[in-house]
>>> print(open('upload.cif').read())   # mmCIF, C-alpha atoms
data_entry
#
loop_
_atom_site.label_atom_id
_atom_site.label_comp_id
_atom_site.auth_asym_id
_atom_site.auth_seq_id
_atom_site.Cartn_x
_atom_site.Cartn_y
_atom_site.Cartn_z
CA MET A 162 148.62 97.78 75.60
CA LYS A 163 146.36 99.18 78.33
CA THR A 164 145.79 97.50 81.70
CA ILE A 165 142.75 96.86 83.87
CA LEU A 166 144.06 95.92 87.28
CA ILE A 167 141.86 94.08 89.78
CA LEU A 168 142.88 94.08 93.44
CA GLY A 169 141.66 90.92 95.17
CA ALA A 170 140.60 87.50 93.85
CA GLY A 171 137.81 86.84 96.30
CA THR A 172 134.21 86.58 95.13
CA ALA A 173 133.97 90.07 93.63
CA GLY A 174 137.40 90.23 92.00
CA THR A 175 137.17 86.75 90.49
CA MET A 176 133.74 87.48 89.04
CA MET A 177 135.00 90.71 87.47
CA ALA A 178 137.96 88.92 85.86
CA ASN A 179 135.58 86.40 84.32
CA HIS A 180 133.07 89.03 83.20
CA LEU A 181 135.70 91.19 81.55
CA LYS A 182 137.81 88.53 79.83
CA ASP A 183 135.47 88.20 76.83
CA ALA A 184 134.17 91.77 76.89
CA LEU A 185 137.45 93.52 76.07
CA ASP A 186 139.56 93.70 72.93
CA LYS A 187 142.49 91.41 73.76
CA ASN A 188 144.72 93.32 71.35
CA GLU A 189 144.15 96.52 73.28
CA TRP A 190 143.58 95.52 76.89
CA GLU A 191 145.37 93.31 79.39
CA ILE A 192 143.63 92.19 82.59
CA ALA A 193 145.71 91.55 85.68
CA ILE A 194 144.55 90.46 89.13
CA ILE A 195 146.56 90.61 92.34
CA GLU A 196 145.81 88.25 95.23
CA GLU A 197 147.92 87.23 98.19
CA SER A 198 146.05 84.02 99.07
CA LYS A 199 146.52 80.81 97.09
CA THR A 200 143.21 79.47 98.44
CA HIS A 201 139.72 80.64 97.54
CA TYR A 202 137.20 80.15 100.35
CA TYR A 203 133.47 79.62 100.03
CA GLN A 204 132.65 81.86 102.96
CA PRO A 205 128.89 81.10 103.18
CA GLY A 206 130.00 77.60 104.20
CA TYR A 207 131.68 78.90 107.36
CA ILE A 208 128.41 78.71 109.33
CA PHE A 209 128.11 74.98 108.61
CA ILE A 210 131.63 73.89 109.55
CA PRO A 211 131.25 74.32 113.34
CA PHE A 212 128.38 71.82 113.31
CA ASP A 213 130.13 69.31 111.01
CA MET A 214 127.57 69.96 108.27
CA TYR A 215 130.35 70.78 105.77
CA THR A 216 133.89 69.49 105.59
CA THR A 217 136.78 71.90 105.12
CA ASP A 218 137.39 70.52 101.62
CA GLU A 219 133.95 71.71 100.58
CA VAL A 220 134.80 75.37 101.22
CA CYS A 221 138.40 75.51 99.93
CA LYS A 222 139.72 75.43 96.38
CA PRO A 223 142.82 76.81 94.66
CA THR A 224 142.49 80.48 93.74
CA THR A 225 143.91 79.87 90.28
CA GLU A 226 141.17 77.35 89.46
CA PHE A 227 138.79 80.27 88.88
CA ILE A 228 141.12 82.75 87.19
CA PRO A 229 140.41 82.49 83.46
CA ASP A 230 143.10 81.81 80.87
CA GLY A 231 144.70 84.96 79.54
CA ILE A 232 144.45 86.83 82.84
CA ASN A 233 147.75 87.83 84.43
CA PHE A 234 147.50 86.41 87.97
CA ILE A 235 149.94 87.99 90.43
CA ASN A 236 150.23 86.07 93.70
CA GLU A 237 151.63 88.82 95.91
CA LYS A 238 150.70 91.10 98.80
CA ILE A 239 149.66 94.63 97.85
CA GLU A 240 151.45 97.38 99.71
CA LYS A 241 149.82 100.59 98.51
CA ILE A 242 147.69 102.23 95.83
CA LEU A 243 149.05 105.46 94.34
CA PRO A 244 145.99 106.98 92.59
CA GLY A 245 147.84 110.08 91.45
CA GLU A 246 150.35 107.94 89.58
CA ASN A 247 147.93 105.22 88.37
CA LYS A 248 150.20 102.73 90.07
CA VAL A 249 150.03 99.92 92.65
CA LEU A 250 153.04 99.02 94.79
CA LEU A 251 153.59 95.40 95.78
CA HIS A 252 155.13 94.13 99.00
CA ASP A 253 158.15 92.80 97.10
CA GLY A 254 158.99 96.32 95.92
CA LYS A 255 157.70 95.98 92.38
CA SER A 256 155.06 98.31 90.96
CA ILE A 257 152.29 97.84 88.40
CA ASP A 258 150.81 100.60 86.26
CA TYR A 259 147.14 100.60 85.39
CA ASP A 260 144.70 102.51 83.23
CA ILE A 261 141.63 101.34 85.14
CA LEU A 262 141.68 100.02 88.70
CA ILE A 263 139.01 97.81 90.28
CA ILE A 264 139.23 97.53 94.07
CA ALA A 265 137.81 94.22 95.31
CA THR A 266 139.80 93.81 98.51
CA GLY A 267 136.85 92.90 100.73
CA THR A 268 136.47 93.24 104.46
CA LYS A 269 138.11 91.39 107.34
CA PRO A 270 137.41 90.77 111.04
CA SER A 271 139.55 92.94 113.32
CA PRO A 272 139.32 91.45 116.85
CA GLU A 273 142.21 93.64 117.99
CA GLU A 274 139.83 96.63 117.86
CA THR A 275 137.98 95.44 121.00
CA GLU A 276 139.73 95.36 124.37
CA GLY A 277 140.25 91.81 125.61
CA MET A 278 138.88 90.05 122.54
CA LEU A 279 142.31 88.66 121.68
CA GLY A 280 142.94 87.85 125.34
CA SER A 281 143.75 84.65 127.17
CA GLU A 282 140.45 82.96 126.16
CA TRP A 283 140.85 83.55 122.41
CA ARG A 284 140.03 80.31 120.59
CA LYS A 285 139.59 78.61 123.98
CA SER A 286 136.20 79.96 125.02
CA VAL A 287 136.10 83.02 122.73
CA PHE A 288 135.77 82.26 119.02
CA ASP A 289 135.20 83.99 115.71
CA PHE A 290 133.63 82.24 112.74
CA TYR A 291 134.13 84.75 109.91
CA THR A 292 137.53 83.24 109.19
CA PHE A 293 138.41 79.74 108.06
CA ASP A 294 140.69 79.15 111.06
CA GLY A 295 138.04 80.50 113.41
CA CYS A 296 135.19 78.28 112.23
CA VAL A 297 137.45 75.21 112.30
CA ALA A 298 138.57 76.03 115.86
CA LEU A 299 134.92 76.44 116.90
CA ARG A 300 134.08 73.08 115.32
CA ASP A 301 136.82 71.39 117.32
CA LYS A 302 135.56 73.03 120.51
CA LEU A 303 131.93 72.02 119.94
CA ARG A 304 132.81 68.39 119.31
CA ASN A 305 133.57 68.02 123.03
CA TRP A 306 131.56 70.85 124.60
CA LYS A 307 129.28 69.75 127.41
CA GLY A 308 126.96 72.74 127.54
CA GLY A 309 126.54 76.04 129.37
CA ARG A 310 126.02 79.65 128.34
CA PHE A 311 126.47 79.93 124.57
CA VAL A 312 126.55 83.57 123.45
CA VAL A 313 126.56 84.76 119.82
CA HIS A 314 127.63 88.39 119.65
CA ILE A 315 127.98 91.16 117.05
CA THR A 316 130.46 93.92 117.93
CA GLU A 317 129.25 96.63 115.55
CA MET A 318 127.78 97.16 112.10
CA PRO A 319 128.47 96.94 109.20
CA ILE A 320 129.60 93.33 109.00
CA LYS A 321 130.09 90.83 106.21
CA CYS A 322 126.87 88.87 105.62
CA PRO A 323 124.74 90.50 108.35
CA VAL A 324 122.43 87.47 108.67
CA ALA A 325 125.26 85.01 109.43
CA PRO A 326 125.26 85.53 113.25
CA LEU A 327 121.54 84.75 113.30
CA GLU A 328 122.13 81.68 111.16
CA LEU A 329 124.80 80.50 113.56
CA VAL A 330 122.58 80.82 116.65
CA PHE A 331 119.67 79.08 114.86
CA LEU A 332 121.95 76.25 113.72
CA ALA A 333 123.35 75.97 117.25
CA ASP A 334 119.81 75.52 118.59
CA TRP A 335 119.20 72.73 116.06
CA HIS A 336 122.62 71.16 116.66
CA PHE A 337 122.11 70.88 120.41
CA LYS A 338 118.59 69.51 119.92
CA GLU A 339 119.97 66.81 117.62
CA LEU A 340 122.55 65.92 120.29
CA GLY A 341 119.82 65.73 122.94
CA MET A 342 121.48 68.44 125.05
CA ARG A 343 119.48 71.57 124.24
CA ASP A 344 118.30 71.68 127.85
CA LYS A 345 121.94 72.01 128.91
CA VAL A 346 122.56 75.07 126.72
CA ASP A 347 121.46 78.66 127.38
CA LEU A 348 121.50 80.45 124.01
CA THR A 349 121.80 84.25 123.84
CA PHE A 350 122.03 86.56 120.83
CA VAL A 351 123.72 89.90 121.61
CA THR A 352 123.57 92.72 119.08
CA PRO A 353 124.37 96.44 118.87
CA MET A 354 121.15 96.92 116.88
CA SER A 355 117.79 97.71 118.46
CA GLY A 356 116.42 94.48 116.97
CA ALA A 357 117.54 91.23 115.42
CA PHE A 358 118.21 92.71 111.97
CA THR A 359 118.71 96.02 110.18
CA LYS A 360 115.35 95.85 108.36
CA PRO A 361 112.19 96.07 110.54
CA LYS A 362 109.98 93.46 108.84
CA ALA A 363 112.77 90.90 108.69
CA ALA A 364 113.71 91.76 112.27
CA HIS A 365 110.15 90.97 113.35
CA GLU A 366 110.31 87.52 111.73
CA PHE A 367 113.69 86.77 113.26
CA GLU A 368 112.62 87.90 116.72
CA HIS A 369 109.59 85.63 116.51
CA LEU A 370 111.89 82.71 115.67
CA LEU A 371 114.30 83.59 118.48
CA ALA A 372 111.42 83.60 120.97
CA GLU A 373 110.01 80.34 119.59
CA LYS A 374 113.38 78.65 119.97
CA LYS A 375 113.89 80.12 123.46
CA ILE A 376 116.93 82.14 122.38
CA ARG A 377 117.33 85.29 124.45
CA ILE A 378 118.13 88.51 122.60
CA VAL A 379 120.11 91.37 124.15
CA PRO A 380 119.76 94.44 121.89
CA ASP A 381 121.54 97.82 121.92
CA PHE A 382 124.71 96.26 123.33
CA ALA A 383 127.75 98.45 122.59
CA ILE A 384 130.64 96.31 123.76
CA GLU A 385 133.48 97.97 125.65
CA ARG A 386 135.56 94.91 126.45
CA VAL A 387 135.80 91.17 126.90
CA ASP A 388 136.53 90.15 130.50
CA ASN A 389 138.49 86.94 129.96
CA GLU A 390 139.05 86.17 133.63
CA ASN A 391 135.36 86.27 134.55
CA LYS A 392 134.08 85.26 131.11
CA LYS A 393 131.84 88.25 130.48
CA ILE A 394 131.31 90.78 127.76
CA ILE A 395 130.69 94.27 129.12
CA ASP A 396 129.15 97.21 127.31
CA TYR A 397 129.79 100.92 127.81
CA ALA A 398 126.67 101.26 129.98
CA GLY A 399 127.99 98.59 132.35
CA LEU A 400 125.66 95.81 131.22
CA GLU A 401 127.32 92.41 131.53
CA VAL A 402 126.56 89.20 129.62
CA PRO A 403 128.29 86.11 131.04
CA PHE A 404 129.37 83.25 128.79
CA ASP A 405 130.91 79.81 128.87
CA LEU A 406 131.38 79.89 125.10
CA LEU A 407 131.39 83.18 123.20
CA VAL A 408 131.09 83.26 119.42
CA THR A 409 131.74 86.84 118.42
CA VAL A 410 131.73 88.84 115.22
CA PRO A 411 134.56 91.34 115.67
CA VAL A 412 134.67 94.79 114.12
CA ASN A 413 134.80 94.37 110.34
CA LYS A 414 137.20 96.64 108.46
CA GLY A 415 138.32 97.05 104.89
CA ASP A 416 141.79 95.89 103.93
CA ALA A 417 144.66 97.69 105.67
CA LEU A 418 146.12 98.62 102.29
CA ILE A 419 143.20 101.07 101.89
CA GLU A 420 144.38 102.85 105.03
CA ARG A 421 148.00 102.74 103.86
CA SER A 422 146.86 104.28 100.58
CA GLY A 423 144.91 107.06 102.32
CA ILE A 424 141.74 106.48 100.30
CA GLY A 425 139.33 105.02 102.87
CA ASP A 426 137.06 106.07 105.72
CA ASP A 427 137.56 105.22 109.41
CA LEU A 428 136.81 101.55 108.69
CA ASN A 429 138.97 101.44 105.54
CA TYR A 430 136.03 101.38 103.13
CA VAL A 431 136.33 103.29 99.86
CA ALA A 432 133.82 106.05 99.09
CA THR A 433 131.80 104.84 96.11
CA GLU A 434 128.97 106.22 93.96
CA LYS A 435 125.82 104.27 94.87
CA GLY A 436 124.51 103.67 91.36
CA THR A 437 127.61 103.51 89.16
CA LEU A 438 130.20 101.84 91.45
CA GLN A 439 132.75 104.45 90.40
CA SER A 440 134.94 105.51 93.30
CA LYS A 441 134.92 109.04 94.62
CA VAL A 442 138.72 108.86 94.75
CA LYS A 443 139.37 109.16 91.02
CA PRO A 444 137.24 108.48 87.90
CA ASN A 445 139.37 105.55 86.67
CA ILE A 446 139.01 103.71 89.99
CA PHE A 447 135.96 101.50 90.59
CA VAL A 448 134.94 99.53 93.69
CA ILE A 449 133.00 96.28 94.00
CA GLY A 450 131.87 94.07 96.86
CA ASP A 451 132.70 94.52 100.51
CA ALA A 452 135.45 97.09 99.88
CA SER A 453 132.96 99.91 99.23
CA ASN A 454 131.12 102.11 101.71
CA LEU A 455 127.75 101.56 100.01
CA PRO A 456 124.71 101.30 102.33
CA THR A 457 123.87 97.75 101.25
CA SER A 458 124.71 94.32 102.63
CA LYS A 459 128.29 93.12 102.40
CA ALA A 460 127.31 89.82 100.82
CA GLY A 461 128.26 87.67 97.86
CA SER A 462 124.91 88.23 96.16
CA VAL A 463 125.51 91.98 96.19
CA ALA A 464 128.89 91.51 94.51
CA HIS A 465 127.20 89.28 91.92
CA PHE A 466 124.64 91.96 91.04
CA GLU A 467 127.28 94.68 91.10
CA ALA A 468 129.53 92.73 88.72
CA GLU A 469 126.95 92.77 85.93
CA ILE A 470 126.48 96.53 86.19
CA LEU A 471 130.15 97.30 86.72
CA THR A 472 131.15 95.32 83.64
CA GLU A 473 128.89 97.50 81.51
CA ASN A 474 130.19 100.65 83.19
CA ILE A 475 133.81 99.68 82.57
CA LEU A 476 133.01 99.31 78.88
CA ARG A 477 131.21 102.66 78.87
CA PHE A 478 134.10 104.33 80.68
CA ILE A 479 136.53 103.03 78.06
CA LYS A 480 134.33 104.47 75.29
CA GLY A 481 133.90 107.79 77.08
CA GLU A 482 130.15 107.25 77.44
CA PRO A 483 128.00 108.19 80.47
CA LEU A 484 127.91 105.47 83.12
CA MET A 485 124.77 103.55 84.02
CA ASP A 486 123.46 104.74 87.37
CA ASP A 487 121.57 101.48 87.83
CA PHE A 488 122.83 99.62 90.89
CA ASP A 489 119.96 99.70 93.40
CA GLY A 490 121.65 97.97 96.34
CA HIS A 491 120.07 94.61 95.45
CA ALA A 492 120.78 91.88 98.01
CA ASN A 493 119.48 88.33 98.15
CA CYS A 494 120.15 86.15 101.19
CA PHE A 495 119.21 82.67 102.31
CA VAL A 496 118.98 82.53 106.11
CA GLU A 497 119.34 79.12 107.74
CA THR A 498 116.85 78.81 110.60
CA GLY A 499 117.61 75.22 111.64
CA GLU A 500 115.75 71.94 111.43
CA GLY A 501 116.19 71.80 107.66
CA LYS A 502 114.51 75.14 106.96
CA ALA A 503 115.56 78.58 105.81
CA LEU A 504 114.20 82.04 105.11
CA LEU A 505 114.92 83.99 101.93
CA LEU A 506 115.37 87.77 101.82
CA ASP A 507 115.33 89.96 98.71
CA PHE A 508 115.75 93.72 99.16
CA ASN A 509 117.61 96.83 98.01
CA TYR A 510 118.48 100.37 99.06
CA ASN A 511 114.85 101.45 99.32
CA GLN A 512 112.78 98.29 99.66
CA GLU A 513 113.07 96.17 102.77
CA PRO A 514 112.43 92.40 102.67
CA VAL A 515 108.78 91.49 102.19
CA GLU A 516 106.81 88.34 101.49
CA GLY A 517 106.49 87.03 97.96
CA THR A 518 107.85 84.53 95.45
CA PHE A 519 111.33 84.12 93.97
CA PRO A 520 112.93 83.94 91.46
CA ILE A 521 109.87 83.66 89.16
CA PRO A 522 107.15 86.14 90.22
CA GLY A 523 103.97 84.37 91.26
CA VAL A 524 105.57 80.95 90.77
CA GLY A 525 108.64 80.71 92.97
CA PRO A 526 109.45 77.97 93.78
CA LEU A 527 111.06 79.85 96.68
CA ARG A 528 109.09 81.87 99.21
CA LEU A 529 110.32 85.18 100.57
CA LEU A 530 110.39 85.97 104.29
CA LYS A 531 108.89 82.56 105.13
CA GLU A 532 110.59 79.46 106.52
CA SER A 533 110.58 76.49 104.18
CA ARG A 534 112.40 73.29 103.36
CA MET A 535 112.78 74.50 99.77
CA ASN A 536 114.68 77.59 100.91
CA HIS A 537 117.06 75.34 102.87
CA LEU A 538 117.65 73.22 99.78
CA GLY A 539 118.25 76.44 97.86
CA LYS A 540 120.90 77.44 100.37
CA LEU A 541 122.65 74.08 100.00
CA ALA A 542 122.40 74.25 96.20
CA PHE A 543 124.01 77.67 96.21
CA ARG A 544 127.41 76.12 96.96
CA TRP A 545 127.35 74.35 93.58
CA ILE A 546 126.09 77.52 91.90
CA TYR A 547 128.88 79.51 93.53
CA TRP A 548 131.73 77.27 92.36
CA ASN A 549 130.31 76.50 88.91
CA MET A 550 128.41 79.61 87.85
CA LEU A 551 128.80 82.66 90.08
CA LEU A 552 132.60 82.83 90.17
CA LYS A 553 132.82 82.05 86.47
CA GLY A 554 130.59 84.98 85.55
CA THR A 555 127.78 82.78 84.22
CA HIS A 556 124.38 84.45 84.24
CA ILE A 557 121.96 82.84 86.71
CA PRO A 558 118.54 82.41 85.03
CA PHE A 559 115.59 84.49 86.32
CA VAL A 560 117.82 86.50 88.69
CA SER A 561 118.39 90.11 87.59
CA ALA A 562 120.93 92.60 88.88
CA GLN A 563 118.15 95.02 89.77
CA MET A 564 115.53 93.90 92.23
CA THR A 565 112.13 93.30 90.71
CA GLU A 566 108.97 94.28 92.58
CA GLU A 567 106.91 91.65 90.76
CA GLY A 568 105.74 88.78 92.95
CA LYS A 569 106.27 90.77 96.16
CA LYS A 570 103.66 91.90 98.69
CA LEU A 571 104.66 95.57 98.80
CA ASP A 572 103.06 98.09 101.13
#
>>> encode(input="upload.cif", output="structure tokens")
Amino acid sequence: MKTILILGAGTAGTMMANHLKDALDKNEWEIAIIEESKTHYYQPGYIFIPFDMYTTDEVCKPTTEFIPDGINFINEKIEKILPGENKVLLHDGKSIDYDILIIATGTKPSPEETEGMLGSEWRKSVFDFYTFDGCVALRDKLRNWKGGRFVVHITEMPIKCPVAPLELVFLADWHFKELGMRDKVDLTFVTPMSGAFTKPKAAHEFEHLLAEKKIRIVPDFAIERVDNENKKIIDYAGLEVPFDLLVTVPVNKGDALIERSGIGDDLNYVATEKGTLQSKVKPNIFVIGDASNLPTSKAGSVAHFEAEILTENILRFIKGEPLMDDFDGHANCFVETGEGKALLLDFNYNQEPVEGTFPIPGVGPLRLLKESRMNHLGKLAFRWIYWNMLLKGTHIPFVSAQMTEEGKKLD
């Protein structure tokens, strides 16, 4: 019996387990998945929790609920990958041999990488929201916050879901308006980028919205440290941004086991072929989702599109056939803009977000790069789709792994 071993049961790893379970000969192949956490989190819901728009129960479910029957689920911490031996070591001292390895270990916030971030104000006036504990702590703070300087900050790129900080500042604007205290809150968006987003056309739309909502943007901010005593963030050029409440996105890094295994870059991401998702470490190792160093968004939609292509490439690899070089970096993101509206982005390695219709060209019903109520409803509906279709490997109608140019206003 041969083994396909999946590391991580987050979005990407769980999808791969479900895609592969019916695609492989069960008499020849065993699928095993290793995951330390017993809880699966719907991470797109983290932006809603601070504003009491979602409850914690709506973003948490048991990990095993989405692992299909017949898959060997191993609830244990991974210590190290030994590529030369086709082996993975577990924290309890046991080892597991594999024939094919799929790395789906994701990315994690690393606040310890920035001086002072984990200082005396951590989770008092300095908060993260890319973790479950962080967004809950921020919710508890906001329930009694009386106003002041509210700063949303990105430490450096790349980060998981690059639009989420913008969503948070837009939702904050709406939240304080609903409470009748927007005039008591000074909102500032601080970013290391030269604009509000990595793609110019989308950045232009976001910057227009920031200005319309009277949210100040501070670009090109390379943070050196957090000054807890004086409540300031300070960049290497000496620029200071004061805060009463700081919501920061720390440095994002791949799992520490990648560093322990000696197979990652400086941020613990695994070198991966852009089109095939085969690692550059060894041919029988593949990478999916946030764990790779691919120049595309670290987002759930990307993992969804990758999973369809990677499943086919795993089957081709088993047969000794050439791999499909078809992944184009496709990303699709709803962006909450507040007041019951959202934007929708659809882009890939080469094509930045543009206006158009989605998912049916010329029909929609969703509009690209334009605020609408329908896009907001699409964002809310995605939670049901995530739990009931995406994780289970069910194909989503009209949405292809490769980005289509039809229905888009291309230059």
>>> residues_around(input="upload.cif", residues="Val431 (chain A)", least_positions_apart="3", cutoff="12 Å", atoms="all atoms listed in the file", output="PDB file with C-alpha atoms, in the coordinates of the input")
ATOM      1  CA  ILE A 263     139.010  97.810  90.280  1.00  0.00           C
ATOM      2  CA  ILE A 264     139.230  97.530  94.070  1.00  0.00           C
ATOM      3  CA  ALA A 265     137.810  94.220  95.310  1.00  0.00           C
ATOM      4  CA  THR A 266     139.800  93.810  98.510  1.00  0.00           C
ATOM      5  CA  GLY A 267     136.850  92.900 100.730  1.00  0.00           C
ATOM      6  CA  THR A 268     136.470  93.240 104.460  1.00  0.00           C
ATOM      7  CA  LYS A 414     137.200  96.640 108.460  1.00  0.00           C
ATOM      8  CA  GLY A 415     138.320  97.050 104.890  1.00  0.00           C
ATOM      9  CA  ASP A 416     141.790  95.890 103.930  1.00  0.00           C
ATOM     10  CA  ALA A 417     144.660  97.690 105.670  1.00  0.00           C
ATOM     11  CA  LEU A 418     146.120  98.620 102.290  1.00  0.00           C
ATOM     12  CA  ILE A 419     143.200 101.070 101.890  1.00  0.00           C
ATOM     13  CA  GLU A 420     144.380 102.850 105.030  1.00  0.00           C
ATOM     14  CA  SER A 422     146.860 104.280 100.580  1.00  0.00           C
ATOM     15  CA  GLY A 423     144.910 107.060 102.320  1.00  0.00           C
ATOM     16  CA  ILE A 424     141.740 106.480 100.300  1.00  0.00           C
ATOM     17  CA  GLY A 425     139.330 105.020 102.870  1.00  0.00           C
ATOM     18  CA  ASP A 426     137.060 106.070 105.720  1.00  0.00           C
ATOM     19  CA  ASP A 427     137.560 105.220 109.410  1.00  0.00           C
ATOM     20  CA  LEU A 428     136.810 101.550 108.690  1.00  0.00           C
ATOM     21  CA  GLU A 434     128.970 106.220  93.960  1.00  0.00           C
ATOM     22  CA  LYS A 435     125.820 104.270  94.870  1.00  0.00           C
ATOM     23  CA  LEU A 438     130.200 101.840  91.450  1.00  0.00           C
ATOM     24  CA  GLN A 439     132.750 104.450  90.400  1.00  0.00           C
ATOM     25  CA  SER A 440     134.940 105.510  93.300  1.00  0.00           C
ATOM     26  CA  LYS A 441     134.920 109.040  94.620  1.00  0.00           C
ATOM     27  CA  VAL A 442     138.720 108.860  94.750  1.00  0.00           C
ATOM     28  CA  LYS A 443     139.370 109.160  91.020  1.00  0.00           C
ATOM     29  CA  ILE A 446     139.010 103.710  89.990  1.00  0.00           C
ATOM     30  CA  PHE A 447     135.960 101.500  90.590  1.00  0.00           C
ATOM     31  CA  VAL A 448     134.940  99.530  93.690  1.00  0.00           C
ATOM     32  CA  ILE A 449     133.000  96.280  94.000  1.00  0.00           C
ATOM     33  CA  GLY A 450     131.870  94.070  96.860  1.00  0.00           C
ATOM     34  CA  ASP A 451     132.700  94.520 100.510  1.00  0.00           C
ATOM     35  CA  ALA A 452     135.450  97.090  99.880  1.00  0.00           C
ATOM     36  CA  SER A 453     132.960  99.910  99.230  1.00  0.00           C
ATOM     37  CA  ASN A 454     131.120 102.110 101.710  1.00  0.00           C
ATOM     38  CA  LEU A 455     127.750 101.560 100.010  1.00  0.00           C
TER      39      LEU A 455
END
>>> resolve_selection(input="upload.cif", expression="the PyMOL selection byres ((chain A and resi 302-317) around 7)", output="number ranges by chain")
A: 298-301, 318-319, 326, 330, 345-353, 384, 404-412
>>> residues_around(input="upload.cif", residues="region 256-258 of chain A", least_positions_apart="4", cutoff="9 Å", atoms="only C-alpha atoms", output="VMD selection string")
chain A and resid 164 166 246 to 251
>>> closest_atom_pairs(input="upload.cif", of="region 236-296 of chain A", to="region 191-208 of chain A", cutoff="7 Å", atoms="only C-alpha atoms", output="Markdown table")
| residue | atom | partner | partner_atom | distance |
| --- | --- | --- | --- | --- |
| A:Asn236 | CA | A:Glu196 | CA | 5.2 |
| A:Glu237 | CA | A:Glu197 | CA | 4.6 |
| A:Lys238 | CA | A:Glu197 | CA | 4.8 |
| A:Phe290 | CA | A:Tyr207 | CA | 6.6 |
| A:Tyr291 | CA | A:Tyr207 | CA | 6.8 |
| A:Phe293 | CA | A:Tyr207 | CA | 6.8 |
| A:Cys296 | CA | A:Tyr207 | CA | 6.0 |
>>> closest_residue(input="upload.cif", among="A:Leu476, A:Val560, A:Ala363, A:Ile376", to="Gln512 (chain A)", atoms="all atoms listed in the file")
A:Ala363
>>> closest_atom_pairs(input="upload.cif", of="region 288-393 of chain A", to="region 270-274 of chain A", cutoff="9 Å", atoms="all atoms listed in the file", output="tab-separated table")
residue	atom	partner	partner_atom	distance
A:Asp289	CA	A:Pro270	CA	8.5
A:Tyr291	CA	A:Pro270	CA	6.9
A:Thr292	CA	A:Pro270	CA	7.8
A:Ile320	CA	A:Pro270	CA	8.5
A:Lys321	CA	A:Pro270	CA	8.8
>>> residues_near_point(input="upload.cif", point="(114.9, 88.9, 116.2)", cutoff="12 Å", atoms="only C-alpha atoms", output="ChimeraX atom specification")
/A:324,326-328,330-331,349-352,354-380,498
>>> residues_near_point(input="upload.cif", point="(135.5, 95.5, 125.0)", cutoff="10 Å", atoms="only C-alpha atoms", output="ChimeraX atom specification")
/A:272-278,316,383-388,393-397
>>> closest_residue(input="upload.cif", among="A:Gly174, A:Ile479, A:Asn389, A:Pro244", to="Glu282 (chain A)", atoms="only C-alpha atoms")
A:Asn389
>>> resolve_selection(input="upload.cif", expression="the PyMOL selection byres ((chain A and resi 513-520) around 7)", output="PyMOL selection string")
chain A and resi 360+362-363+506-509+511-512+521-530+559-560+568-571
>>> axis_aligned_box(input="upload.cif", around="region 193-210 of chain A", padding_each_side="4 Å", output="JSON")
{"center_x": 138.0, "center_y": 82.7, "center_z": 97.6, "size_x": 27.8, "size_y": 25.7, "size_z": 31.9}
>>> resolve_selection(input="upload.cif", expression="the PyMOL selection byres ((chain A and resi 536) around 8)", output="PDB file with C-alpha atoms, in the coordinates of the input")
ATOM      1  CA  PHE A 495     119.210  82.670 102.310  1.00  0.00           C
ATOM      2  CA  LYS A 502     114.510  75.140 106.960  1.00  0.00           C
ATOM      3  CA  ALA A 503     115.560  78.580 105.810  1.00  0.00           C
ATOM      4  CA  LEU A 504     114.200  82.040 105.110  1.00  0.00           C
ATOM      5  CA  LEU A 505     114.920  83.990 101.930  1.00  0.00           C
ATOM      6  CA  LEU A 527     111.060  79.850  96.680  1.00  0.00           C
ATOM      7  CA  ARG A 528     109.090  81.870  99.210  1.00  0.00           C
ATOM      8  CA  GLU A 532     110.590  79.460 106.520  1.00  0.00           C
ATOM      9  CA  SER A 533     110.580  76.490 104.180  1.00  0.00           C
ATOM     10  CA  ARG A 534     112.400  73.290 103.360  1.00  0.00           C
ATOM     11  CA  MET A 535     112.780  74.500  99.770  1.00  0.00           C
ATOM     12  CA  HIS A 537     117.060  75.340 102.870  1.00  0.00           C
ATOM     13  CA  LEU A 538     117.650  73.220  99.780  1.00  0.00           C
ATOM     14  CA  GLY A 539     118.250  76.440  97.860  1.00  0.00           C
ATOM     15  CA  LYS A 540     120.900  77.440 100.370  1.00  0.00           C
TER      16      LYS A 540
END
>>> closest_residue(input="upload.cif", among="A:Ile228, A:Ile242, A:Met177, A:Val297", to="Ile470 (chain A)", atoms="all atoms listed in the file")
A:Met177
>>> residues_around(input="upload.cif", residues="region 460-462 of chain A", least_positions_apart="3", cutoff="9 Å", atoms="all atoms listed in the file", output="mmCIF file with C-alpha atoms, in the coordinates of the input")
data_model
loop_
_atom_site.group_PDB
_atom_site.id
_atom_site.type_symbol
_atom_site.label_atom_id
_atom_site.label_comp_id
_atom_site.auth_asym_id
_atom_site.auth_seq_id
_atom_site.Cartn_x
_atom_site.Cartn_y
_atom_site.Cartn_z
ATOM 1 C CA THR A 172 134.210 86.580 95.130
ATOM 2 C CA ALA A 173 133.970 90.070 93.630
ATOM 3 C CA GLN A 204 132.650 81.860 102.960
ATOM 4 C CA PRO A 205 128.890 81.100 103.180
ATOM 5 C CA LYS A 321 130.090 90.830 106.210
ATOM 6 C CA CYS A 322 126.870 88.870 105.620
ATOM 7 C CA PRO A 323 124.740 90.500 108.350
ATOM 8 C CA GLY A 450 131.870 94.070 96.860
ATOM 9 C CA ASP A 451 132.700 94.520 100.510
ATOM 10 C CA THR A 457 123.870 97.750 101.250
ATOM 11 C CA HIS A 465 127.200 89.280 91.920
ATOM 12 C CA PHE A 466 124.640 91.960 91.040
ATOM 13 C CA GLU A 467 127.280 94.680 91.100
ATOM 14 C CA HIS A 491 120.070 94.610 95.450
ATOM 15 C CA ALA A 492 120.780 91.880 98.010
ATOM 16 C CA ASN A 493 119.480 88.330 98.150
ATOM 17 C CA CYS A 494 120.150 86.150 101.190
#
